[in-house]
$ cat model-v6.pdb   # PDB, C-alpha atoms
ATOM      1  CA  MET A1161       2.305  -0.040   6.693  1.00  0.00           C
ATOM      2  CA  LYS A1162       0.706  -0.235  10.120  1.00  0.00           C
ATOM      3  CA  GLU A1163      -1.885  -2.671   8.682  1.00  0.00           C
ATOM      4  CA  LEU A1164       0.903  -4.818   7.222  1.00  0.00           C
ATOM      5  CA  ILE A1165       2.571  -5.208  10.638  1.00  0.00           C
ATOM      6  CA  GLU A1166      -0.787  -6.108  12.194  1.00  0.00           C
ATOM      7  CA  GLU A1167      -1.454  -8.750   9.519  1.00  0.00           C
ATOM      8  CA  ILE A1168       1.999 -10.296  10.019  1.00  0.00           C
ATOM      9  CA  GLU A1169       1.350 -10.452  13.763  1.00  0.00           C
ATOM     10  CA  LYS A1170      -1.955 -12.267  13.197  1.00  0.00           C
ATOM     11  CA  LYS A1171      -0.363 -14.697  10.755  1.00  0.00           C
ATOM     12  CA  LEU A1172       2.499 -15.638  13.074  1.00  0.00           C
ATOM     13  CA  LEU A1173       0.360 -15.933  16.205  1.00  0.00           C
ATOM     14  CA  TYR A1174      -2.395 -18.022  14.607  1.00  0.00           C
ATOM     15  CA  ASN A1175      -2.920 -20.999  16.897  1.00  0.00           C
ATOM     16  CA  GLU A1176      -6.569 -21.912  17.359  1.00  0.00           C
ATOM     17  CA  ALA A1177      -7.027 -25.608  18.084  1.00  0.00           C
ATOM     18  CA  ASN A1178     -10.469 -25.727  16.470  1.00  0.00           C
ATOM     19  CA  ASN A1179      -9.258 -24.474  13.105  1.00  0.00           C
ATOM     20  CA  CYS A1180      -7.554 -26.505  10.407  1.00  0.00           C
ATOM     21  CA  ILE A1181      -4.545 -26.309   8.152  1.00  0.00           C
ATOM     22  CA  TYR A1182      -5.347 -27.815   4.763  1.00  0.00           C
ATOM     23  CA  LYS A1183      -2.696 -29.991   3.209  1.00  0.00           C
ATOM     24  CA  GLU A1184      -3.004 -31.417  -0.281  1.00  0.00           C
ATOM     25  CA  LYS A1185      -3.172 -35.207  -0.340  1.00  0.00           C
ATOM     26  CA  GLY A1186      -3.568 -36.454  -3.902  1.00  0.00           C
ATOM     27  CA  GLU A1187      -6.774 -35.026  -5.304  1.00  0.00           C
ATOM     28  CA  GLU A1188      -8.309 -34.575  -1.861  1.00  0.00           C
ATOM     29  CA  GLU A1189      -7.570 -32.212   0.998  1.00  0.00           C
ATOM     30  CA  GLU A1190      -6.864 -33.515   4.450  1.00  0.00           C
ATOM     31  CA  CYS A1191      -7.812 -31.357   7.420  1.00  0.00           C
ATOM     32  CA  ILE A1192      -5.047 -31.449  10.007  1.00  0.00           C
ATOM     33  CA  ASN A1193      -5.771 -29.964  13.394  1.00  0.00           C
ATOM     34  CA  GLU A1194      -3.313 -27.234  14.375  1.00  0.00           C
ATOM     35  CA  ASN A1195      -2.151 -29.085  17.486  1.00  0.00           C
ATOM     36  CA  GLN A1196      -1.366 -32.187  15.406  1.00  0.00           C
ATOM     37  CA  THR A1197       1.347 -30.433  13.440  1.00  0.00           C
ATOM     38  CA  ASN A1198       4.988 -30.258  14.465  1.00  0.00           C
ATOM     39  CA  ASP A1199       5.139 -26.477  14.018  1.00  0.00           C
ATOM     40  CA  ILE A1200       7.044 -24.641  16.715  1.00  0.00           C
ATOM     41  CA  LEU A1201       4.881 -21.643  17.542  1.00  0.00           C
ATOM     42  CA  LEU A1202       5.872 -18.167  18.679  1.00  0.00           C
ATOM     43  CA  LYS A1203       4.670 -16.902  22.039  1.00  0.00           C
ATOM     44  CA  SER A1204       4.913 -13.192  21.273  1.00  0.00           C
ATOM     45  CA  VAL A1205       4.995 -11.164  18.055  1.00  0.00           C
ATOM     46  CA  GLU A1206       5.301  -7.370  18.136  1.00  0.00           C
ATOM     47  CA  GLU A1207       6.522  -4.376  16.179  1.00  0.00           C
ATOM     48  CA  ASP A1208      10.215  -3.832  16.859  1.00  0.00           C
ATOM     49  CA  ARG A1209      10.480  -0.902  19.282  1.00  0.00           C
ATOM     50  CA  GLY A1210      13.838  -1.895  20.763  1.00  0.00           C
ATOM     51  CA  GLN A1211      12.482  -4.526  23.162  1.00  0.00           C
ATOM     52  CA  MET A1212      15.737  -6.485  22.909  1.00  0.00           C
ATOM     53  CA  ASP A1213      18.004  -3.472  23.311  1.00  0.00           C
ATOM     54  CA  ASN A1214      18.023  -4.141  27.036  1.00  0.00           C
ATOM     55  CA  SER A1215      18.526  -7.905  27.058  1.00  0.00           C
ATOM     56  CA  GLU A1216      18.830  -8.008  30.857  1.00  0.00           C
ATOM     57  CA  ASN A1217      15.125  -7.275  31.184  1.00  0.00           C
ATOM     58  CA  PRO A1218      13.358  -7.920  27.864  1.00  0.00           C
ATOM     59  CA  SER A1219       9.636  -7.179  27.706  1.00  0.00           C
ATOM     60  CA  ILE A1220       8.736 -10.142  25.458  1.00  0.00           C
ATOM     61  CA  THR A1221       8.021 -13.833  25.975  1.00  0.00           C
ATOM     62  CA  PHE A1222      10.232 -16.362  24.192  1.00  0.00           C
ATOM     63  CA  PRO A1223      10.279 -17.639  21.557  1.00  0.00           C
ATOM     64  CA  ALA A1224       9.481 -14.263  20.052  1.00  0.00           C
ATOM     65  CA  ALA A1225       9.472 -12.272  16.818  1.00  0.00           C
ATOM     66  CA  LEU A1226       9.942  -8.532  16.308  1.00  0.00           C
ATOM     67  CA  ILE A1227       8.773  -6.909  13.066  1.00  0.00           C
ATOM     68  CA  ASN A1228      10.511  -3.932  11.492  1.00  0.00           C
ATOM     69  CA  ILE A1229       9.916  -2.190   8.151  1.00  0.00           C
ATOM     70  CA  GLN A1230      13.516  -1.237   7.437  1.00  0.00           C
ATOM     71  CA  LYS A1231      13.104   0.878   4.302  1.00  0.00           C
ATOM     72  CA  ILE A1232      10.727   1.721   1.461  1.00  0.00           C
ATOM     73  CA  SER A1233      11.870   2.904  -1.964  1.00  0.00           C
ATOM     74  CA  TYR A1234       9.553   4.502  -4.519  1.00  0.00           C
ATOM     75  CA  GLU A1235       9.481   4.769  -8.301  1.00  0.00           C
ATOM     76  CA  SER A1236       7.096   7.224  -9.949  1.00  0.00           C
ATOM     77  CA  THR A1237       4.791   6.106 -12.739  1.00  0.00           C
ATOM     78  CA  ALA A1238       2.111   7.949 -14.727  1.00  0.00           C
ATOM     79  CA  ASN A1239      -0.481  10.235 -13.133  1.00  0.00           C
ATOM     80  CA  PHE A1240       1.468  10.554  -9.829  1.00  0.00           C
ATOM     81  CA  VAL A1241       1.031   6.863  -8.943  1.00  0.00           C
ATOM     82  CA  GLN A1242       4.134   5.393  -7.267  1.00  0.00           C
ATOM     83  CA  LYS A1243       5.444   1.844  -7.223  1.00  0.00           C
ATOM     84  CA  GLY A1244       6.823   1.006  -3.793  1.00  0.00           C
ATOM     85  CA  ASP A1245       9.318  -1.637  -2.711  1.00  0.00           C
ATOM     86  CA  ALA A1246       9.483  -2.327   1.034  1.00  0.00           C
ATOM     87  CA  VAL A1247      12.033  -4.333   3.021  1.00  0.00           C
ATOM     88  CA  ILE A1248      10.540  -6.067   6.073  1.00  0.00           C
ATOM     89  CA  ILE A1249      12.766  -7.687   8.695  1.00  0.00           C
ATOM     90  CA  ILE A1250      11.469 -10.348  11.090  1.00  0.00           C
ATOM     91  CA  ARG A1251      13.825 -10.861  14.043  1.00  0.00           C
ATOM     92  CA  LEU A1252      13.406 -14.231  15.749  1.00  0.00           C
ATOM     93  CA  PHE A1253      14.625 -14.755  19.319  1.00  0.00           C
ATOM     94  CA  ASP A1254      14.996 -17.688  21.662  1.00  0.00           C
ATOM     95  CA  GLU A1255      16.626 -17.981  25.051  1.00  0.00           C
ATOM     96  CA  ASN A1256      19.651 -20.223  24.551  1.00  0.00           C
ATOM     97  CA  GLU A1257      22.022 -21.567  21.949  1.00  0.00           C
ATOM     98  CA  ASN A1258      20.476 -25.062  22.077  1.00  0.00           C
ATOM     99  CA  SER A1259      17.239 -23.532  20.863  1.00  0.00           C
ATOM    100  CA  ILE A1260      14.694 -24.306  18.199  1.00  0.00           C
ATOM    101  CA  ILE A1261      15.548 -21.131  16.261  1.00  0.00           C
ATOM    102  CA  TRP A1262      15.858 -22.887  12.873  1.00  0.00           C
ATOM    103  CA  ASP A1263      12.508 -24.599  13.367  1.00  0.00           C
ATOM    104  CA  LEU A1264      11.041 -21.226  14.209  1.00  0.00           C
ATOM    105  CA  MET A1265      12.499 -19.829  11.015  1.00  0.00           C
ATOM    106  CA  GLU A1266      10.955 -22.569   8.870  1.00  0.00           C
ATOM    107  CA  ASN A1267       7.534 -22.185  10.476  1.00  0.00           C
ATOM    108  CA  THR A1268       7.666 -18.388  10.177  1.00  0.00           C
ATOM    109  CA  ASN A1269       8.623 -18.540   6.525  1.00  0.00           C
ATOM    110  CA  LYS A1270       5.829 -21.039   5.740  1.00  0.00           C
ATOM    111  CA  ARG A1271       3.350 -18.512   7.070  1.00  0.00           C
ATOM    112  CA  LEU A1272       4.754 -15.496   5.211  1.00  0.00           C
ATOM    113  CA  HIS A1273       6.585 -16.364   1.984  1.00  0.00           C
ATOM    114  CA  GLY A1274       4.352 -15.980  -1.062  1.00  0.00           C
ATOM    115  CA  ARG A1275       1.418 -14.739   1.034  1.00  0.00           C
ATOM    116  CA  HIS A1276      -0.880 -11.875   0.062  1.00  0.00           C
ATOM    117  CA  LEU A1277      -1.734 -10.210   3.359  1.00  0.00           C
ATOM    118  CA  LEU A1278      -3.386  -6.988   2.203  1.00  0.00           C
ATOM    119  CA  SER A1279      -5.481  -5.628  -0.689  1.00  0.00           C
ATOM    120  CA  SER A1280      -4.814  -6.170  -4.404  1.00  0.00           C
ATOM    121  CA  GLN A1281      -2.568  -3.073  -4.446  1.00  0.00           C
ATOM    122  CA  TYR A1282      -0.025  -5.090  -2.443  1.00  0.00           C
ATOM    123  CA  GLY A1283       1.949  -8.004  -3.827  1.00  0.00           C
ATOM    124  CA  ALA A1284       3.060 -11.137  -2.001  1.00  0.00           C
ATOM    125  CA  LEU A1285       5.840 -11.265   0.589  1.00  0.00           C
ATOM    126  CA  HIS A1286       9.051 -12.811  -0.749  1.00  0.00           C
ATOM    127  CA  ARG A1287      11.944 -13.980   1.408  1.00  0.00           C
ATOM    128  CA  THR A1288      15.243 -12.506   0.217  1.00  0.00           C
ATOM    129  CA  LYS A1289      17.779 -13.274   2.942  1.00  0.00           C
ATOM    130  CA  ILE A1290      18.414 -14.983   6.298  1.00  0.00           C
ATOM    131  CA  ARG A1291      21.101 -13.779   8.663  1.00  0.00           C
ATOM    132  CA  LYS A1292      22.188 -15.169  12.020  1.00  0.00           C
ATOM    133  CA  ILE A1293      23.140 -12.446  14.483  1.00  0.00           C
ATOM    134  CA  LYS A1294      26.020 -12.985  16.885  1.00  0.00           C
ATOM    135  CA  ARG A1295      24.969 -11.772  20.306  1.00  0.00           C
ATOM    136  CA  GLU A1296      26.981 -11.287  23.501  1.00  0.00           C
ATOM    137  CA  ASP A1297      24.067 -12.269  25.745  1.00  0.00           C
ATOM    138  CA  ALA A1298      22.285 -15.587  26.262  1.00  0.00           C
ATOM    139  CA  TYR A1299      19.827 -15.172  23.384  1.00  0.00           C
ATOM    140  CA  THR A1300      19.858 -16.587  19.868  1.00  0.00           C
ATOM    141  CA  GLU A1301      18.727 -14.325  17.016  1.00  0.00           C
ATOM    142  CA  LEU A1302      17.887 -14.889  13.362  1.00  0.00           C
ATOM    143  CA  GLU A1303      16.925 -12.172  10.886  1.00  0.00           C
ATOM    144  CA  LEU A1304      14.515 -12.952   8.052  1.00  0.00           C
ATOM    145  CA  HIS A1305      14.416 -10.372   5.251  1.00  0.00           C
ATOM    146  CA  TYR A1306      11.338 -10.056   3.028  1.00  0.00           C
ATOM    147  CA  SER A1307      10.502  -7.787   0.105  1.00  0.00           C
ATOM    148  CA  LEU A1308       7.049  -6.462  -0.725  1.00  0.00           C
ATOM    149  CA  GLN A1309       5.974  -4.517  -3.797  1.00  0.00           C
ATOM    150  CA  PHE A1310       2.886  -2.329  -3.817  1.00  0.00           C
ATOM    151  CA  MET A1311       1.210   0.555  -5.658  1.00  0.00           C
ATOM    152  CA  ASP A1312       0.641   3.854  -3.839  1.00  0.00           C
ATOM    153  CA  THR A1313      -2.313   5.722  -5.364  1.00  0.00           C
ATOM    154  CA  SER A1314      -2.777   8.219  -2.520  1.00  0.00           C
ATOM    155  CA  CYS A1315      -1.487  11.135  -4.649  1.00  0.00           C
ATOM    156  CA  MET A1316      -3.098  10.064  -7.906  1.00  0.00           C
ATOM    157  CA  ARG A1317      -4.686  12.955  -9.818  1.00  0.00           C
ATOM    158  CA  MET A1318      -7.901  12.351 -11.686  1.00  0.00           C
ATOM    159  CA  LEU A1319      -7.822  13.416 -15.335  1.00  0.00           C
ATOM    160  CA  HIS A1320     -10.971  15.365 -16.244  1.00  0.00           C
ATOM    161  CA  THR A1321     -11.782  16.132 -19.892  1.00  0.00           C
ATOM    162  CA  LYS A1322     -13.559  19.407 -20.584  1.00  0.00           C
ATOM    163  CA  PRO A1323     -17.265  18.813 -21.258  1.00  0.00           C
ATOM    164  CA  SER A1324     -18.350  19.643 -24.782  1.00  0.00           C
ATOM    165  CA  PRO A1325     -20.409  22.862 -24.885  1.00  0.00           C
ATOM    166  CA  ASP A1326     -24.179  22.723 -25.224  1.00  0.00           C
ATOM    167  CA  PRO A1327     -25.005  23.451 -28.914  1.00  0.00           C
ATOM    168  CA  LYS A1328     -28.176  25.328 -27.852  1.00  0.00           C
ATOM    169  CA  ILE A1329     -26.095  27.776 -25.831  1.00  0.00           C
ATOM    170  CA  LYS A1330     -23.805  28.283 -28.810  1.00  0.00           C
ATOM    171  CA  VAL A1331     -26.768  29.057 -31.097  1.00  0.00           C
ATOM    172  CA  LYS A1332     -28.177  31.541 -28.592  1.00  0.00           C
ATOM    173  CA  ILE A1333     -24.816  33.304 -28.348  1.00  0.00           C
ATOM    174  CA  LEU A1334     -24.622  33.540 -32.149  1.00  0.00           C
ATOM    175  CA  GLU A1335     -28.152  34.964 -32.324  1.00  0.00           C
ATOM    176  CA  LEU A1336     -27.284  37.478 -29.614  1.00  0.00           C
ATOM    177  CA  ASP A1337     -24.171  38.505 -31.525  1.00  0.00           C
ATOM    178  CA  LYS A1338     -26.272  39.002 -34.686  1.00  0.00           C
ATOM    179  CA  ASP A1339     -28.766  41.207 -32.823  1.00  0.00           C
ATOM    180  CA  LYS A1340     -25.936  43.289 -31.373  1.00  0.00           C
ATOM    181  CA  LYS A1341     -24.454  43.670 -34.853  1.00  0.00           C
ATOM    182  CA  LYS A1342     -27.794  44.862 -36.284  1.00  0.00           C
ATOM    183  CA  ASP A1343     -28.233  47.389 -33.467  1.00  0.00           C
ATOM    184  CA  HIS A1344     -24.691  48.573 -34.010  1.00  0.00           C
ATOM    185  CA  GLU A1345     -25.309  49.027 -37.763  1.00  0.00           C
ATOM    186  CA  LYS A1346     -28.524  50.984 -37.071  1.00  0.00           C
ATOM    187  CA  ASP A1347     -26.774  53.282 -34.628  1.00  0.00           C
ATOM    188  CA  HIS A1348     -23.883  53.770 -37.029  1.00  0.00           C
ATOM    189  CA  GLY A1349     -26.300  54.556 -39.872  1.00  0.00           C
ATOM    190  CA  LYS A1350     -28.101  57.173 -37.789  1.00  0.00           C
ATOM    191  CA  LYS A1351     -24.860  58.864 -36.948  1.00  0.00           C
ATOM    192  CA  ASN A1352     -23.845  58.999 -40.621  1.00  0.00           C
ATOM    193  CA  HIS A1353     -27.272  60.320 -41.630  1.00  0.00           C
ATOM    194  CA  HIS A1354     -27.148  63.061 -39.013  1.00  0.00           C
ATOM    195  CA  SER A1355     -23.690  64.057 -40.177  1.00  0.00           C
ATOM    196  CA  TRP A1356     -24.816  64.234 -43.867  1.00  0.00           C
ATOM    197  CA  ASN A1357     -27.851  66.375 -42.939  1.00  0.00           C
ATOM    198  CA  SER A1358     -25.750  68.855 -41.051  1.00  0.00           C
ATOM    199  CA  THR A1359     -23.450  69.222 -43.994  1.00  0.00           C
ATOM    200  CA  GLU A1360     -26.414  69.722 -46.353  1.00  0.00           C
ATOM    201  CA  SER A1361     -27.912  72.495 -44.211  1.00  0.00           C
ATOM    202  CA  GLU A1362     -24.743  74.456 -44.333  1.00  0.00           C
TER     203      GLU A1362
END
$ encode --input "model-v6.pdb" --output "structure tokens"
Amino acid sequence: MKELIEEIEKKLLYNEANNCIYKEKGEEEECINENQTNDILLKSVEEDRGQMDNSENPSITFPAALINIQKISYESTANFVQKGDAVIIIRLFDENENSIIWDLMENTNKRLHGRHLLSSQYGALHRTKIRKIKREDAYTELELHYSLQFMDTSCMRMLHTKPSPDPKIKVKILELDKDKKKDHEKDHGKKNHHSWNSTESE
């Protein structure tokens, strides 16, 4: 999940003037420079470690986003593979009530909803809920909830079939068993012969 947080950070902070956002225009694609869009961009994006717990001296630059993986539930499938369902919360902050928080929300969601950020074992992020948080300080906060499904194969056990025995080895074992049987019959015959001779001499 550490990689997921890092990928979300990159996605939300992307702002290179020399790169393009491609927008469909009929059958063609028009390259729009990043600074020509009306997107309101975040100035800091970090993992949520309680930076806004002390709102008198926050350690982030506004507008800002804090990322938190709230919970992960698992469902077991065959061969110890588990299907995971994660809830990711993006907390958006700005400094006053007359802020651009709703514009921030729209821009953030455009960059995350329906996006595949990791390998093929991870699905796309899907927005599930938005919640405005009532705060007692001078900051405005919006919570964006996303769900993410993925497959965890870290405990998967490989199924190995037993290799079929070498037929040559089997033949050799049978021949060895036959030789042992012959030797056993010879020894048994000698013992019986010796016993018969002793009886005859008496």
$ residues_around --input "model-v6.pdb" --residues "His1276 (chain A)" --least-positions-apart "4" --cutoff "7 Å" --atoms "only C-alpha atoms" --output "list in words"
Gly1283, Ala1284 and Leu1285 of chain A
$ closest_residue --input "model-v6.pdb" --among "A:Glu1296, A:Pro1223, A:Leu1278, A:Leu1302" --to "Ile1168 (chain A)" --atoms "only C-alpha atoms"
A:Leu1278
$ resolve_selection --input "model-v6.pdb" --expression "the PyMOL selection byres ((chain A and resi 1270-1273) around 12)" --output "PyMOL selection string"
chain A and resi 1164-1165+1167-1175+1181+1199-1202+1248-1250+1263-1269+1274-1277+1283-1289+1304-1308
$ residues_around --input "model-v6.pdb" --residues "Val1205 (chain A)" --least-positions-apart "4" --cutoff "6 Å" --atoms "all atoms listed in the file" --output "number ranges by chain"
A: 1169, 1224-1226
$ closest_residue --input "model-v6.pdb" --among "A:Met1316, A:Met1161, A:Leu1252, A:Ala1298" --to "Ile1232 (chain A)" --atoms "only C-alpha atoms"
A:Met1161
$ atom_distance --input "model-v6.pdb" --atom1 "CA of Met1212 (chain A)" --atom2 "CA of Lys1231 (chain A)"
20.2 Å
$ atom_distance --input "model-v6.pdb" --atom1 "CA of Val1241 (chain A)" --atom2 "CA of Ile1229 (chain A)"
21.3 Å
$ residues_around --input "model-v6.pdb" --residues "Lys1243 (chain A)" --least-positions-apart "6" --cutoff "10 Å" --atoms "only C-alpha atoms" --output "number ranges by chain"
A: 1233-1237, 1281, 1309-1313
$ atom_distance --input "model-v6.pdb" --atom1 "CA of Asn1228 (chain A)" --atom2 "CA of Lys1203 (chain A)"
17.7 Å
$ build_atoms --input "model-v6.pdb" --residues "region 1270-1303 of chain A" --atoms "N, CA and C atoms" --output "PDB file, in the frame of the given file"
ATOM      1  N   LYS A1270       6.994 -20.367   6.327  1.00  0.00           N
ATOM      2  CA  LYS A1270       5.829 -21.039   5.740  1.00  0.00           C
ATOM      3  C   LYS A1270       4.583 -20.160   5.833  1.00  0.00           C
ATOM      4  N   ARG A1271       4.532 -19.344   6.851  1.00  0.00           N
ATOM      5  CA  ARG A1271       3.350 -18.512   7.070  1.00  0.00           C
ATOM      6  C   ARG A1271       3.421 -17.171   6.334  1.00  0.00           C
ATOM      7  N   LEU A1272       4.606 -16.814   5.829  1.00  0.00           N
ATOM      8  CA  LEU A1272       4.754 -15.496   5.211  1.00  0.00           C
ATOM      9  C   LEU A1272       5.129 -15.525   3.731  1.00  0.00           C
ATOM     10  N   HIS A1273       6.075 -16.389   3.364  1.00  0.00           N
ATOM     11  CA  HIS A1273       6.585 -16.364   1.984  1.00  0.00           C
ATOM     12  C   HIS A1273       5.485 -16.674   0.968  1.00  0.00           C
ATOM     13  N   GLY A1274       5.346 -15.792  -0.014  1.00  0.00           N
ATOM     14  CA  GLY A1274       4.352 -15.980  -1.062  1.00  0.00           C
ATOM     15  C   GLY A1274       2.936 -15.639  -0.661  1.00  0.00           C
ATOM     16  N   ARG A1275       2.762 -15.047   0.538  1.00  0.00           N
ATOM     17  CA  ARG A1275       1.418 -14.739   1.034  1.00  0.00           C
ATOM     18  C   ARG A1275       0.991 -13.316   0.669  1.00  0.00           C
ATOM     19  N   HIS A1276      -0.260 -13.185   0.259  1.00  0.00           N
ATOM     20  CA  HIS A1276      -0.880 -11.875   0.062  1.00  0.00           C
ATOM     21  C   HIS A1276      -1.631 -11.533   1.349  1.00  0.00           C
ATOM     22  N   LEU A1277      -1.149 -10.533   2.059  1.00  0.00           N
ATOM     23  CA  LEU A1277      -1.734 -10.210   3.359  1.00  0.00           C
ATOM     24  C   LEU A1277      -2.678  -9.019   3.316  1.00  0.00           C
ATOM     25  N   LEU A1278      -2.564  -8.199   2.267  1.00  0.00           N
ATOM     26  CA  LEU A1278      -3.386  -6.988   2.203  1.00  0.00           C
ATOM     27  C   LEU A1278      -4.182  -6.966   0.903  1.00  0.00           C
ATOM     28  N   SER A1279      -4.635  -5.774   0.490  1.00  0.00           N
ATOM     29  CA  SER A1279      -5.481  -5.628  -0.689  1.00  0.00           C
ATOM     30  C   SER A1279      -4.697  -5.924  -1.973  1.00  0.00           C
ATOM     31  N   SER A1280      -5.413  -5.842  -3.107  1.00  0.00           N
ATOM     32  CA  SER A1280      -4.814  -6.170  -4.404  1.00  0.00           C
ATOM     33  C   SER A1280      -3.718  -5.187  -4.816  1.00  0.00           C
ATOM     34  N   GLN A1281      -3.639  -4.027  -4.141  1.00  0.00           N
ATOM     35  CA  GLN A1281      -2.568  -3.073  -4.446  1.00  0.00           C
ATOM     36  C   GLN A1281      -1.218  -3.534  -3.896  1.00  0.00           C
ATOM     37  N   TYR A1282      -1.249  -4.559  -3.045  1.00  0.00           N
ATOM     38  CA  TYR A1282      -0.025  -5.090  -2.443  1.00  0.00           C
ATOM     39  C   TYR A1282       0.268  -6.464  -3.016  1.00  0.00           C
ATOM     40  N   GLY A1283       1.538  -6.702  -3.331  1.00  0.00           N
ATOM     41  CA  GLY A1283       1.949  -8.004  -3.827  1.00  0.00           C
ATOM     42  C   GLY A1283       2.159  -8.985  -2.686  1.00  0.00           C
ATOM     43  N   ALA A1284       2.786 -10.114  -3.008  1.00  0.00           N
ATOM     44  CA  ALA A1284       3.060 -11.137  -2.001  1.00  0.00           C
ATOM     45  C   ALA A1284       4.411 -10.870  -1.343  1.00  0.00           C
ATOM     46  N   LEU A1285       4.548 -11.336  -0.108  1.00  0.00           N
ATOM     47  CA  LEU A1285       5.840 -11.265   0.589  1.00  0.00           C
ATOM     48  C   LEU A1285       6.789 -12.302  -0.003  1.00  0.00           C
ATOM     49  N   HIS A1286       8.040 -11.885  -0.214  1.00  0.00           N
ATOM     50  CA  HIS A1286       9.051 -12.811  -0.749  1.00  0.00           C
ATOM     51  C   HIS A1286      10.303 -12.759   0.128  1.00  0.00           C
ATOM     52  N   ARG A1287      10.725 -13.917   0.592  1.00  0.00           N
ATOM     53  CA  ARG A1287      11.944 -13.980   1.408  1.00  0.00           C
ATOM     54  C   ARG A1287      13.157 -13.706   0.522  1.00  0.00           C
ATOM     55  N   THR A1288      14.049 -12.857   0.994  1.00  0.00           N
ATOM     56  CA  THR A1288      15.243 -12.506   0.217  1.00  0.00           C
ATOM     57  C   THR A1288      16.540 -12.910   0.910  1.00  0.00           C
ATOM     58  N   LYS A1289      16.510 -12.998   2.248  1.00  0.00           N
ATOM     59  CA  LYS A1289      17.779 -13.274   2.942  1.00  0.00           C
ATOM     60  C   LYS A1289      17.498 -13.749   4.362  1.00  0.00           C
ATOM     61  N   ILE A1290      18.422 -14.586   4.888  1.00  0.00           N
ATOM     62  CA  ILE A1290      18.414 -14.983   6.298  1.00  0.00           C
ATOM     63  C   ILE A1290      19.791 -14.679   6.867  1.00  0.00           C
ATOM     64  N   ARG A1291      19.810 -14.120   8.059  1.00  0.00           N
ATOM     65  CA  ARG A1291      21.101 -13.779   8.663  1.00  0.00           C
ATOM     66  C   ARG A1291      21.074 -14.149  10.145  1.00  0.00           C
ATOM     67  N   LYS A1292      22.088 -14.862  10.600  1.00  0.00           N
ATOM     68  CA  LYS A1292      22.188 -15.169  12.020  1.00  0.00           C
ATOM     69  C   LYS A1292      23.021 -14.083  12.697  1.00  0.00           C
ATOM     70  N   ILE A1293      22.488 -13.549  13.780  1.00  0.00           N
ATOM     71  CA  ILE A1293      23.140 -12.446  14.483  1.00  0.00           C
ATOM     72  C   ILE A1293      23.936 -12.986  15.672  1.00  0.00           C
ATOM     73  N   LYS A1294      25.187 -12.579  15.750  1.00  0.00           N
ATOM     74  CA  LYS A1294      26.020 -12.985  16.885  1.00  0.00           C
ATOM     75  C   LYS A1294      25.757 -12.032  18.041  1.00  0.00           C
ATOM     76  N   ARG A1295      25.301 -12.589  19.140  1.00  0.00           N
ATOM     77  CA  ARG A1295      24.969 -11.772  20.306  1.00  0.00           C
ATOM     78  C   ARG A1295      25.913 -12.097  21.463  1.00  0.00           C
ATOM     79  N   GLU A1296      26.102 -11.106  22.341  1.00  0.00           N
ATOM     80  CA  GLU A1296      26.981 -11.287  23.501  1.00  0.00           C
ATOM     81  C   GLU A1296      26.203 -11.763  24.723  1.00  0.00           C
ATOM     82  N   ASP A1297      24.876 -11.816  24.604  1.00  0.00           N
ATOM     83  CA  ASP A1297      24.067 -12.269  25.745  1.00  0.00           C
ATOM     84  C   ASP A1297      23.665 -13.728  25.552  1.00  0.00           C
ATOM     85  N   ALA A1298      22.666 -14.170  26.280  1.00  0.00           N
ATOM     86  CA  ALA A1298      22.285 -15.587  26.262  1.00  0.00           C
ATOM     87  C   ALA A1298      21.182 -15.893  25.250  1.00  0.00           C
ATOM     88  N   TYR A1299      20.928 -14.984  24.335  1.00  0.00           N
ATOM     89  CA  TYR A1299      19.827 -15.172  23.384  1.00  0.00           C
ATOM     90  C   TYR A1299      20.360 -15.509  21.990  1.00  0.00           C
ATOM     91  N   THR A1300      19.558 -16.261  21.258  1.00  0.00           N
ATOM     92  CA  THR A1300      19.858 -16.587  19.868  1.00  0.00           C
ATOM     93  C   THR A1300      18.946 -15.754  18.982  1.00  0.00           C
ATOM     94  N   GLU A1301      19.519 -15.196  17.898  1.00  0.00           N
ATOM     95  CA  GLU A1301      18.727 -14.325  17.016  1.00  0.00           C
ATOM     96  C   GLU A1301      18.960 -14.679  15.546  1.00  0.00           C
ATOM     97  N   LEU A1302      17.851 -14.733  14.815  1.00  0.00           N
ATOM     98  CA  LEU A1302      17.887 -14.889  13.362  1.00  0.00           C
ATOM     99  C   LEU A1302      17.105 -13.750  12.732  1.00  0.00           C
ATOM    100  N   GLU A1303      17.629 -13.209  11.646  1.00  0.00           N
ATOM    101  CA  GLU A1303      16.925 -12.172  10.886  1.00  0.00           C
ATOM    102  C   GLU A1303      16.397 -12.757   9.581  1.00  0.00           C
TER     103      GLU A1303
END
